[in-house]
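Peer 1: Once you've had a glance at the structure underneath, I'll fire off some questions.
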Amino acid sequence: KFQLQAEQQNITLAVEPKDPSLQAVADIAKLERVLTNLIDNALRHCQPGDSITIQLQPKDNQVIISIVDSGVGIPAEDVDHIFDAHYRAKNTVNGNQGNSGLGLAIVVKLLALHHAKISVSSVLAQGTTFSFSLPSSA
């Protein structure tokens, strides 16, 4: 879905590992919206030459899903507020492009329906990682 946009921005987009046996129990439409919001966010905060990786890691009957980017990072004073509706951190590199500041708030609500919580870690000028876990279907 985002491969062409990533290529146009000269951003590497990958999934690791490329293992179709890693499967999670989730509502496909809600999970697609979560991933769409997180990847779209990452693309807005990356510059040419950066990368975005969707990492899947099995652990204790769960699949940990992380969206890792090498973008601009989130200022420490913004981290506690990024999941608030309409909050927009001032770290975008590609403009707001009509961004309403609702994407991460929606992610939190959709993941709550899956009984999942999202976490974030970020370092300025090094990137950001958003992670959550879902039950494994294995």
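Naming works like this for the structure tokens: A, B, ... for the chains as they're shown, residue 1 at the start of each chain, ligands 1 onward in shown order.
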Excluding same-chain residues fewer than 6 positions from range 134-136 of chain A, what lies within 12 Å of it counting only C-alpha atoms, as a PyMOL selection string?
Peer 2: chain A and resi 21-27+31+56-66+111-118
Peer 1: Take the selection from the previous step and output its residues with N, CA and C atoms, as an mmCIF file, in the first residue's frame.
Peer 2:
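Below is the file that was written, out-v7.cif:
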data_model
loop_
_atom_site.group_PDB
_atom_site.id
_atom_site.type_symbol
_atom_site.label_atom_id
_atom_site.label_comp_id
_atom_site.auth_asym_id
_atom_site.auth_seq_id
_atom_site.Cartn_x
_atom_site.Cartn_y
_atom_site.Cartn_z
ATOM 1 N N SER A 21 4.402 -17.605 8.300
ATOM 2 C CA SER A 21 3.894 -18.428 9.395
ATOM 3 C C SER A 21 3.605 -17.599 10.651
ATOM 4 N N LEU A 22 4.121 -16.371 10.715
ATOM 5 C CA LEU A 22 3.827 -15.483 11.847
ATOM 6 C C LEU A 22 2.454 -14.860 11.618
ATOM 7 N N GLN A 23 1.497 -15.293 12.399
ATOM 8 C CA GLN A 23 0.130 -14.812 12.249
ATOM 9 C C GLN A 23 -0.420 -14.395 13.600
ATOM 10 N N ALA A 24 -1.213 -13.336 13.573
ATOM 11 C CA ALA A 24 -1.812 -12.821 14.800
ATOM 12 C C ALA A 24 -3.326 -12.879 14.689
ATOM 13 N N VAL A 25 -3.980 -12.944 15.829
ATOM 14 C CA VAL A 25 -5.433 -12.920 15.887
ATOM 15 C C VAL A 25 -5.851 -11.454 16.012
ATOM 16 N N ALA A 26 -6.581 -10.965 15.007
ATOM 17 C CA ALA A 26 -6.995 -9.565 15.019
ATOM 18 C C ALA A 26 -8.092 -9.345 13.984
ATOM 19 N N ASP A 27 -8.823 -8.275 14.151
ATOM 20 C CA ASP A 27 -9.774 -7.835 13.136
ATOM 21 C C ASP A 27 -8.953 -7.218 12.013
ATOM 22 N N LEU A 31 -6.793 -3.770 12.149
ATOM 23 C CA LEU A 31 -5.336 -3.872 12.131
ATOM 24 C C LEU A 31 -4.758 -3.134 10.927
ATOM 25 N N LEU A 56 8.204 -8.169 13.027
ATOM 26 C CA LEU A 56 7.312 -9.139 13.654
ATOM 27 C C LEU A 56 8.156 -10.085 14.486
ATOM 28 N N GLN A 57 7.798 -10.233 15.756
ATOM 29 C CA GLN A 57 8.588 -11.091 16.637
ATOM 30 C C GLN A 57 7.655 -11.953 17.480
ATOM 31 N N PRO A 58 7.747 -13.287 17.321
ATOM 32 C CA PRO A 58 6.938 -14.157 18.173
ATOM 33 C C PRO A 58 7.507 -14.208 19.584
ATOM 34 N N LYS A 59 6.600 -14.174 20.583
ATOM 35 C CA LYS A 59 7.052 -14.254 21.966
ATOM 36 C C LYS A 59 5.876 -14.665 22.845
ATOM 37 N N ASP A 60 5.993 -15.811 23.527
ATOM 38 C CA ASP A 60 4.999 -16.252 24.504
ATOM 39 C C ASP A 60 3.563 -16.207 23.967
ATOM 40 N N ASN A 61 3.301 -16.892 22.881
ATOM 41 C CA ASN A 61 1.967 -16.947 22.269
ATOM 42 C C ASN A 61 1.455 -15.575 21.820
ATOM 43 N N GLN A 62 2.372 -14.675 21.574
ATOM 44 C CA GLN A 62 2.046 -13.337 21.079
ATOM 45 C C GLN A 62 2.911 -13.052 19.851
ATOM 46 N N VAL A 63 2.474 -12.082 19.068
ATOM 47 C CA VAL A 63 3.313 -11.534 18.013
ATOM 48 C C VAL A 63 3.503 -10.063 18.356
ATOM 49 N N ILE A 64 4.748 -9.680 18.572
ATOM 50 C CA ILE A 64 5.065 -8.276 18.834
ATOM 51 C C ILE A 64 5.270 -7.607 17.486
ATOM 52 N N ILE A 65 4.515 -6.569 17.246
ATOM 53 C CA ILE A 65 4.570 -5.840 15.983
ATOM 54 C C ILE A 65 5.167 -4.466 16.272
ATOM 55 N N SER A 66 6.250 -4.156 15.582
ATOM 56 C CA SER A 66 6.918 -2.865 15.781
ATOM 57 C C SER A 66 7.068 -2.166 14.440
ATOM 58 N N LEU A 111 -6.520 -0.474 19.012
ATOM 59 C CA LEU A 111 -5.761 -1.495 19.736
ATOM 60 C C LEU A 111 -6.444 -1.861 21.050
ATOM 61 N N ALA A 112 -7.105 -0.902 21.685
ATOM 62 C CA ALA A 112 -7.840 -1.196 22.919
ATOM 63 C C ALA A 112 -8.945 -2.217 22.651
ATOM 64 N N LEU A 113 -9.546 -2.168 21.467
ATOM 65 C CA LEU A 113 -10.562 -3.158 21.107
ATOM 66 C C LEU A 113 -9.967 -4.556 20.994
ATOM 67 N N HIS A 114 -8.661 -4.633 20.789
ATOM 68 C CA HIS A 114 -7.935 -5.907 20.742
ATOM 69 C C HIS A 114 -7.288 -6.234 22.086
ATOM 70 N N HIS A 115 -7.581 -5.441 23.105
ATOM 71 C CA HIS A 115 -6.974 -5.584 24.437
ATOM 72 C C HIS A 115 -5.450 -5.449 24.356
ATOM 73 N N ALA A 116 -5.010 -4.552 23.497
ATOM 74 C CA ALA A 116 -3.579 -4.315 23.298
ATOM 75 C C ALA A 116 -3.265 -2.856 23.585
ATOM 76 N N LYS A 117 -2.045 -2.630 24.041
ATOM 77 C CA LYS A 117 -1.564 -1.274 24.296
ATOM 78 C C LYS A 117 -0.371 -1.028 23.399
ATOM 79 N N ILE A 118 -0.189 0.229 23.035
ATOM 80 C CA ILE A 118 0.938 0.602 22.190
ATOM 81 C C ILE A 118 1.968 1.341 23.042
#
Peer 1: Which polymer residues have any atom within 9 Å of an atom of Thr12 in chain A, counting only C-alpha atoms, with same-chain residues fewer than 2 positions away left out, as number ranges by chain?
Peer 2: A: 3, 6-7, 9-10, 14, 48-53
Peer 1: Go ahead and write the selection's residues with C-alpha atoms as a compact mmCIF listing (two decimals), in the first residue's frame.
Peer 2:
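Output saved as again01.txt:
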# COMPACT_ATOMS: atom_id res chain seq x y z
CA GLN A 3 5.63 1.02 -1.35
CA ALA A 6 8.10 5.29 0.00
CA GLU A 7 10.02 4.85 -3.27
CA GLN A 9 10.34 9.75 -1.14
CA ASN A 10 13.49 7.58 -1.38
CA ALA A 14 10.50 -3.41 4.61
CA PRO A 48 15.14 10.69 1.78
CA GLY A 49 17.53 7.89 2.68
CA ASP A 50 15.65 6.93 5.88
CA SER A 51 13.99 3.56 6.43
CA ILE A 52 10.79 2.16 7.89
CA THR A 53 10.68 -1.47 8.99
Peer 1: Env of Val108 in chain A: 12 Å cut, atoms = only C-alpha atoms, seq-sep filter 6 positions within chain, self excluded. Answer as a PyMOL selection string.
Peer 2: chain A and resi 30-31+33-35+37-38+82-85+102+114-120+130-132
Peer 1: Got a sec to tell me which of range 38-110 of chain A DSSP assigns to strand (DSSP E), as a list in words?
Peer 2: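 DSSP on the backbone gives strand (DSSP E) at Ser51, Ile52, Thr53, Ile54, Gln55, Leu56, Gln57, Pro58, Lys59, Gln62, Val63, Ile64, Ile65, Ser66, Ile67, Val68 and Asp69 of chain A.
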Peer 1: Calculate how many Å separate CA of Ile67 in chain A from CA of Ile11 in chain A, rounding to one decimal.
Peer 2: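 About the pair CA of Ile67 in chain A and CA of Ile11 in chain A: they are 14.0 Å apart.
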Peer 1: Run DSSP on the backbone and give me the residues of chain A it puts in alpha helix (DSSP H), as number ranges by chain.
Peer 2: A: 3-8, 28-44, 76-79, 103-113
Peer 1: Of the residues A:Val15, A:Lys109, A:Val68, A:Leu4, which is the one nearest to Val123 in chain A, using only C-alpha atoms?
Peer 2: A:Val68
Peer 1: Using only C-alpha atoms, which residue out of A:Tyr87, A:Lys1, A:Pro20, A:Ile74 lies closest to Ala105 in chain A?
Peer 2: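 Of A:Tyr87, A:Lys1, A:Pro20, A:Ile74, the one nearest Ala105 in chain A, counting only C-alpha atoms, is A:Tyr87.
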Peer 1: Can you work out which one of A:Ala76, A:Ala89, A:Cys46, A:Asn41 has the shortest atom-to-atom distance to Gly127 in chain A, counting only C-alpha atoms?
Peer 2: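 Distance minimum relative to Gly127 in chain A lands on A:Cys46.
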